[in-house]
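Colleague: Handing over protein-v4.cif, mmCIF, C-alpha atoms.
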```cif
data_start
#
loop_
_atom_site.label_atom_id
_atom_site.label_comp_id
_atom_site.auth_asym_id
_atom_site.auth_seq_id
_atom_site.Cartn_x
_atom_site.Cartn_y
_atom_site.Cartn_z
CA MET A 1 43.12 57.82 17.10
CA SER A 2 41.66 55.37 14.60
CA TRP A 3 45.14 54.65 13.21
CA GLY A 4 46.37 53.49 16.58
CA LEU A 5 43.35 51.25 16.99
CA ALA A 6 43.69 49.84 13.47
CA PHE A 7 47.34 48.85 13.77
CA ARG A 8 46.95 46.78 16.92
CA PRO A 9 44.80 44.02 15.36
CA SER A 10 47.05 44.21 12.29
CA ALA A 11 50.05 43.30 14.44
CA VAL A 12 48.25 40.29 15.87
CA LEU A 13 47.01 39.23 12.43
CA ALA A 14 50.50 39.51 10.94
CA PHE A 15 51.99 37.31 13.64
CA GLU A 16 49.23 34.69 13.35
CA THR A 17 49.68 34.39 9.57
CA THR A 18 53.48 34.42 9.39
CA TYR A 19 54.64 33.18 12.81
CA GLN A 20 57.65 35.42 12.35
CA ALA A 21 58.37 36.67 15.85
CA TYR A 22 61.11 39.07 14.69
CA GLY A 23 58.53 41.15 12.88
CA LEU A 24 56.32 41.55 15.95
CA SER A 25 58.48 44.13 17.74
CA PRO A 26 58.53 46.66 14.84
CA LEU A 27 54.79 46.28 14.43
CA LEU A 28 54.12 46.86 18.12
CA ALA A 29 56.45 49.86 18.08
CA GLY A 30 54.50 51.22 15.13
CA CYS A 31 51.26 50.68 17.00
CA ALA A 32 52.54 52.53 20.05
CA ALA A 33 53.85 55.41 17.96
CA SER A 34 50.65 55.72 15.95
CA TYR A 35 48.54 55.61 19.08
CA LEU A 36 50.66 58.32 20.69
CA VAL A 37 50.45 60.55 17.63
CA ALA A 38 46.70 59.98 17.30
CA THR A 39 46.14 60.76 20.98
CA LEU A 40 48.07 64.03 20.76
CA THR A 41 46.58 65.24 17.47
CA THR A 42 42.92 64.18 17.61
CA LYS A 43 40.17 64.92 20.09
CA ASN A 44 37.97 61.93 19.31
CA SER A 45 38.45 58.20 19.08
CA ILE A 46 37.23 55.93 16.34
CA MET A 47 34.18 55.23 18.53
CA THR A 48 33.21 58.88 19.05
CA GLU A 49 34.29 60.49 15.76
CA LYS A 50 30.91 60.01 14.08
CA MET A 51 29.08 61.38 17.12
CA SER A 52 31.30 64.45 17.05
CA ARG A 53 30.58 65.06 13.35
CA LEU A 54 26.85 64.98 14.12
CA GLY A 55 27.33 67.69 16.72
CA ILE A 56 26.90 65.39 19.71
CA ARG A 57 29.26 66.01 22.60
CA ALA A 58 30.98 62.71 23.26
CA PRO A 59 32.65 61.86 26.56
CA THR A 60 36.43 61.77 26.41
CA ASP A 61 36.99 59.64 29.51
CA TYR A 62 35.56 56.36 30.68
CA LEU A 63 34.51 57.23 34.21
CA ALA A 64 32.03 55.49 36.47
CA ASP A 65 28.93 57.44 37.44
CA PRO A 66 29.48 58.47 41.09
CA LEU A 67 25.76 58.17 41.79
CA GLU A 68 25.79 54.53 40.67
CA GLN A 69 28.14 53.78 43.56
CA VAL A 70 25.83 55.19 46.25
CA ILE A 71 22.88 53.30 47.76
CA VAL A 72 19.79 55.29 48.70
CA GLY A 73 19.57 53.63 52.11
CA ASP A 74 22.99 55.05 52.99
CA ILE A 75 22.18 58.70 52.24
CA ALA A 76 18.50 58.92 53.23
CA SER A 77 17.51 61.02 56.22
CA LYS A 78 16.33 58.69 58.99
CA PRO A 79 13.85 58.69 60.49
CA ALA A 80 11.65 60.75 58.21
CA VAL A 81 9.55 63.54 59.69
CA THR A 82 5.97 62.43 59.07
CA LEU A 83 2.41 63.62 59.50
CA ARG A 84 -0.57 61.43 60.31
CA THR A 85 -3.60 60.97 58.10
CA THR A 86 -5.93 61.81 61.01
CA GLN A 87 -4.39 65.25 61.60
CA THR A 88 -6.30 68.26 60.40
CA VAL A 89 -4.91 70.84 58.02
CA ASP A 90 -5.14 73.49 60.75
CA SER A 91 -3.03 71.41 63.14
CA ALA A 92 -0.40 70.88 60.44
CA ARG A 93 -0.34 74.63 59.73
CA ARG A 94 0.12 75.46 63.39
CA TRP A 95 2.96 72.96 63.57
CA LEU A 96 4.63 74.56 60.55
CA ALA A 97 4.29 78.01 62.10
CA VAL A 98 6.11 76.99 65.28
CA GLY A 99 9.42 76.82 63.46
CA SER A 100 10.82 73.73 65.14
CA GLU A 101 13.72 71.77 63.67
CA GLY A 102 11.66 69.05 62.02
CA ASN A 103 9.28 71.29 60.08
CA LYS A 104 11.84 73.04 57.89
CA HIS A 105 11.45 70.50 55.09
CA GLN A 106 9.47 71.18 51.93
CA GLY A 107 7.65 67.86 51.88
CA PHE A 108 6.33 65.38 54.43
CA PRO A 109 5.34 61.71 54.10
CA ILE A 110 1.82 60.98 55.35
CA VAL A 111 1.35 57.76 57.30
CA ASP A 112 -1.74 55.99 58.62
CA PRO A 113 -2.18 54.99 62.29
CA SER A 114 -0.24 51.78 61.58
CA GLY A 115 2.73 53.75 60.25
CA HIS A 116 2.24 52.74 56.61
CA LEU A 117 3.02 55.24 53.88
CA VAL A 118 -0.09 56.51 52.09
CA GLY A 119 1.08 59.71 50.43
CA VAL A 120 3.24 62.83 50.46
CA LEU A 121 2.19 66.44 51.02
CA THR A 122 4.36 69.46 50.35
CA ARG A 123 4.50 72.65 52.34
CA ARG A 124 2.68 74.36 49.49
CA ASP A 125 -0.16 71.84 49.72
CA LEU A 126 -0.56 72.38 53.46
CA LEU A 127 -0.51 76.18 53.21
CA ASP A 128 -2.90 76.37 50.27
CA GLN A 129 -5.68 78.69 51.46
CA ARG A 130 -8.16 77.06 49.13
CA ILE A 131 -8.11 73.98 51.37
CA GLY A 132 -10.30 74.18 54.45
CA GLY A 133 -8.48 73.93 57.76
CA GLY A 134 -10.94 71.46 59.23
CA ARG A 135 -10.22 68.74 56.68
CA GLU A 136 -8.07 65.77 57.60
CA LEU A 137 -4.84 65.23 55.71
CA ARG A 138 -6.05 61.99 54.18
CA GLU A 139 -8.80 63.96 52.45
CA ILE A 140 -6.33 66.11 50.50
CA LEU A 141 -4.13 63.28 49.22
CA PHE A 142 -4.99 63.54 45.53
CA ARG A 143 -2.15 61.47 44.06
CA PRO A 144 -0.46 58.17 44.95
CA PRO A 145 2.96 58.46 46.58
CA LYS A 146 6.15 58.25 44.54
CA PHE A 147 8.84 56.38 46.46
CA VAL A 148 12.17 54.63 46.06
CA TYR A 149 13.50 51.40 47.55
CA ASP A 150 16.34 51.51 50.03
CA ASP A 151 18.52 49.23 47.86
CA CYS A 152 18.26 51.43 44.75
CA THR A 153 21.16 53.58 43.64
CA ALA A 154 21.25 57.34 43.93
CA ARG A 155 21.21 57.51 40.11
CA GLN A 156 17.90 55.65 40.02
CA ALA A 157 16.48 58.00 42.65
CA ALA A 158 17.67 61.06 40.70
CA ASN A 159 16.11 59.73 37.49
CA HIS A 160 12.86 59.07 39.36
CA MET A 161 12.79 62.66 40.63
CA VAL A 162 13.41 64.05 37.15
CA ASN A 163 10.73 61.85 35.56
CA HIS A 164 8.07 62.97 38.05
CA ASN A 165 9.33 66.54 38.60
CA ILE A 166 9.63 66.15 42.37
CA GLY A 167 12.33 67.05 44.84
CA ARG A 168 12.02 64.28 47.43
CA LEU A 169 11.20 60.59 47.66
CA PRO A 170 10.12 58.50 50.63
CA VAL A 171 12.42 55.51 51.12
CA VAL A 172 10.77 52.15 51.75
CA MET A 173 11.92 48.55 52.06
CA ARG A 174 11.58 46.40 48.96
CA GLY A 175 10.13 43.53 50.93
CA GLN A 176 7.63 45.83 52.69
CA PRO A 177 6.77 48.68 50.28
CA THR A 178 4.54 50.46 52.79
CA ARG A 179 7.14 50.51 55.57
CA LEU A 180 8.72 53.95 55.61
CA ILE A 181 12.35 54.05 56.73
CA GLY A 182 13.44 57.54 55.61
CA ILE A 183 13.35 60.19 52.92
CA VAL A 184 15.87 61.24 50.28
CA THR A 185 15.97 64.72 48.76
CA ARG A 186 17.82 66.43 45.92
CA SER A 187 20.20 67.92 48.48
CA ASP A 188 21.05 64.43 49.76
CA ILE A 189 21.85 63.24 46.24
CA LEU A 190 23.96 66.31 45.43
CA SER A 191 25.88 65.92 48.69
CA ALA A 192 26.54 62.25 47.88
CA TYR A 193 27.67 63.19 44.38
CA ARG A 194 30.08 65.77 45.75
CA ARG A 195 31.56 63.30 48.24
CA GLN A 196 32.01 60.59 45.61
CA PHE A 197 33.45 63.09 43.14
CA GLU A 198 36.01 64.28 45.65
CA GLU A 199 36.98 60.72 46.58
CA ASN A 200 37.32 59.59 42.96
CA GLU A 201 38.98 62.73 41.65
CA ALA A 202 42.10 61.72 39.81
CA GLN A 203 45.33 62.97 41.30
CA ARG A 204 47.98 64.39 39.01
CA PRO A 205 50.82 61.86 38.75
CA ASP A 206 54.02 62.99 40.38
CA ILE A 207 56.87 60.75 39.23
CA ARG A 208 60.36 61.93 39.94
CA LEU A 209 63.21 60.32 38.08
CA PRO A 210 66.72 60.34 39.51
CA ARG A 211 69.06 62.77 37.84
CA LEU A 212 71.09 61.03 35.17
CA SER A 213 74.84 61.20 35.26
CA LYS A 214 76.72 63.19 32.65
CA ARG A 215 78.09 59.99 31.17
CA VAL A 216 74.62 58.49 30.68
CA ARG A 217 73.21 61.73 29.19
CA SER A 218 76.00 61.81 26.61
CA PHE A 219 75.44 58.20 25.55
CA PRO A 220 72.89 58.96 22.74
CA SER A 221 75.23 61.49 21.10
CA ARG A 222 78.13 59.04 21.20
CA LEU A 223 75.91 56.26 19.86
CA PHE A 224 74.94 58.13 16.68
CA ARG A 225 78.27 59.90 16.17
#
```
Here is a file; write its structure as structure tokens.

Modeller:
Amino acid sequence: MSWGLAFRPSAVLAFETTYQAYGLSPLLAGCAASYLVATLTTKNSIMTEKMSRLGIRAPTDYLADPLEQVIVGDIASKPAVTLRTTQTVDSARRWLAVGSEGNKHQGFPIVDPSGHLVGVLTRRDLLDQRIGGGRELREILFRPPKFVYDDCTARQAANHMVNHNIGRLPVVMRGQPTRLIGIVTRSDILSAYRRQFEENEAQRPDIRLPRLSKRVRSFPSRLFR
């Protein structure tokens, strides 16, 4: 494909130096032909050939990242199911054992009496038998919360999850970082990716040309006879 890319600036350079317009058409035709041949015979472009030789898989299409088009605030689950800092571990365990709709998640934001986010506890943390049931939830918050702003993209949220090896992120407002407005999980991001992928999936072109008359089809043979 490098030949096709090399000829195009050559055509412009030739016209700028000679100002001979009659030579521009053959040059452009040569560019189009070389680009077509290069596209059909090579897998890589001049920009990705070196990457391919180094064994790096280079993308063949220039496609937008679907997750860059999705805002976290649009896919977050709202409102988030929360637990209070003043609850005891035993009360949280009893709530988990009930099997209600809200306690099926694997992680829960912990908020103080004012509703401000102070941490996140997973189901594993709450069911850990090494933790005494009489302790309050605020006493077993051993790490600061990882969160994401509502105006971030789903790609930023996914990168944040990978960097910290977590499966969910509380969603807060940028202007009020302690105000919890929802939670986003890996499932939410995958669902958003699937929706965007389906919407942006390229459709196979279906162009139907009218059937040429017999007289028109025979024109090339009569032309070169």

Colleague: Can you list, as a ChimeraX atom specification, every protein, DNA or RNA residue that comes within 6 Å of region 171-173 of chain A when you count only C-alpha atoms, leaving out same-chain residues fewer than 4 positions away?

Modeller: /A:147-150,177,179-183

Colleague: Quick check on the file I pasted: which residues fall under the PyMOL selection byres ((chain A and resi 88) around 9)? Write them as an NGL selection string.

Modeller: :A and (84-87 or 89-93 or 133-138)

Colleague: Compile the contact shell of Arg143 (chain A) as a list in words: residues with an atom at most 10 Å away, counting all atoms listed in the file, same-chain residues fewer than 6 positions apart removed.

Modeller: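 Residues near the query, excluding close chain neighbours: Val118, Gly119, Val120 and Leu121 of chain A.
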
Colleague: Please measure the separation of CA of Asp125 (chain A) and CA of Thr82 (chain A), giving the value in Å to one decimal.

Modeller: 14.6 Å

Colleague: Figure out the distance between CA of Ser45 (chain A) and CA of Leu28 (chain A), please, to one decimal in Å.

Modeller: 19.4 Å

Colleague: Compile the contact shell of Arg186 (chain A) as a ChimeraX atom specification: residues with an atom at most 8 Å away, counting only C-alpha atoms, same-chain residues fewer than 4 positions apart removed.

Modeller: /A:158,167-168,190

Colleague: Please indicate the distance in Å from CA of Ser52 (chain A) to CA of Asp65 (chain A), rounded to one decimal place.

Modeller: 21.7 Å

Colleague: Under the rule that all atoms listed in the file are counted, which of A:Pro79, A:Gly115, A:Gly107, A:Pro144 is the nearest residue to Gln176 (chain A)?

Modeller: A:Gly115

Colleague: Evaluate the PyMOL selection byres ((chain A and resi 66) around 9) against this structure - the residues, as a PyMOL selection string, please.

Modeller: chain A and resi 63-65+67-70+154-155+192-197+200

Colleague: Got a sec: who's within 8 Å of Asp188 (chain A), counting all atoms listed in the file, leaving out chain neighbours fewer than 4 positions off, as a PyMOL selection string?

Modeller: chain A and resi 75-76+184+192

Colleague: Give me the box for region 147-155 of chain A as JSON, namely the centre and edge lengths in Å to one decimal of a box along x, y and z that holds every listed atom plus 4 Å on each side.

Modeller:
```
{"center_x": 15.0, "center_y": 53.4, "center_z": 45.1, "size_x": 20.4, "size_y": 16.3, "size_z": 17.9}
```
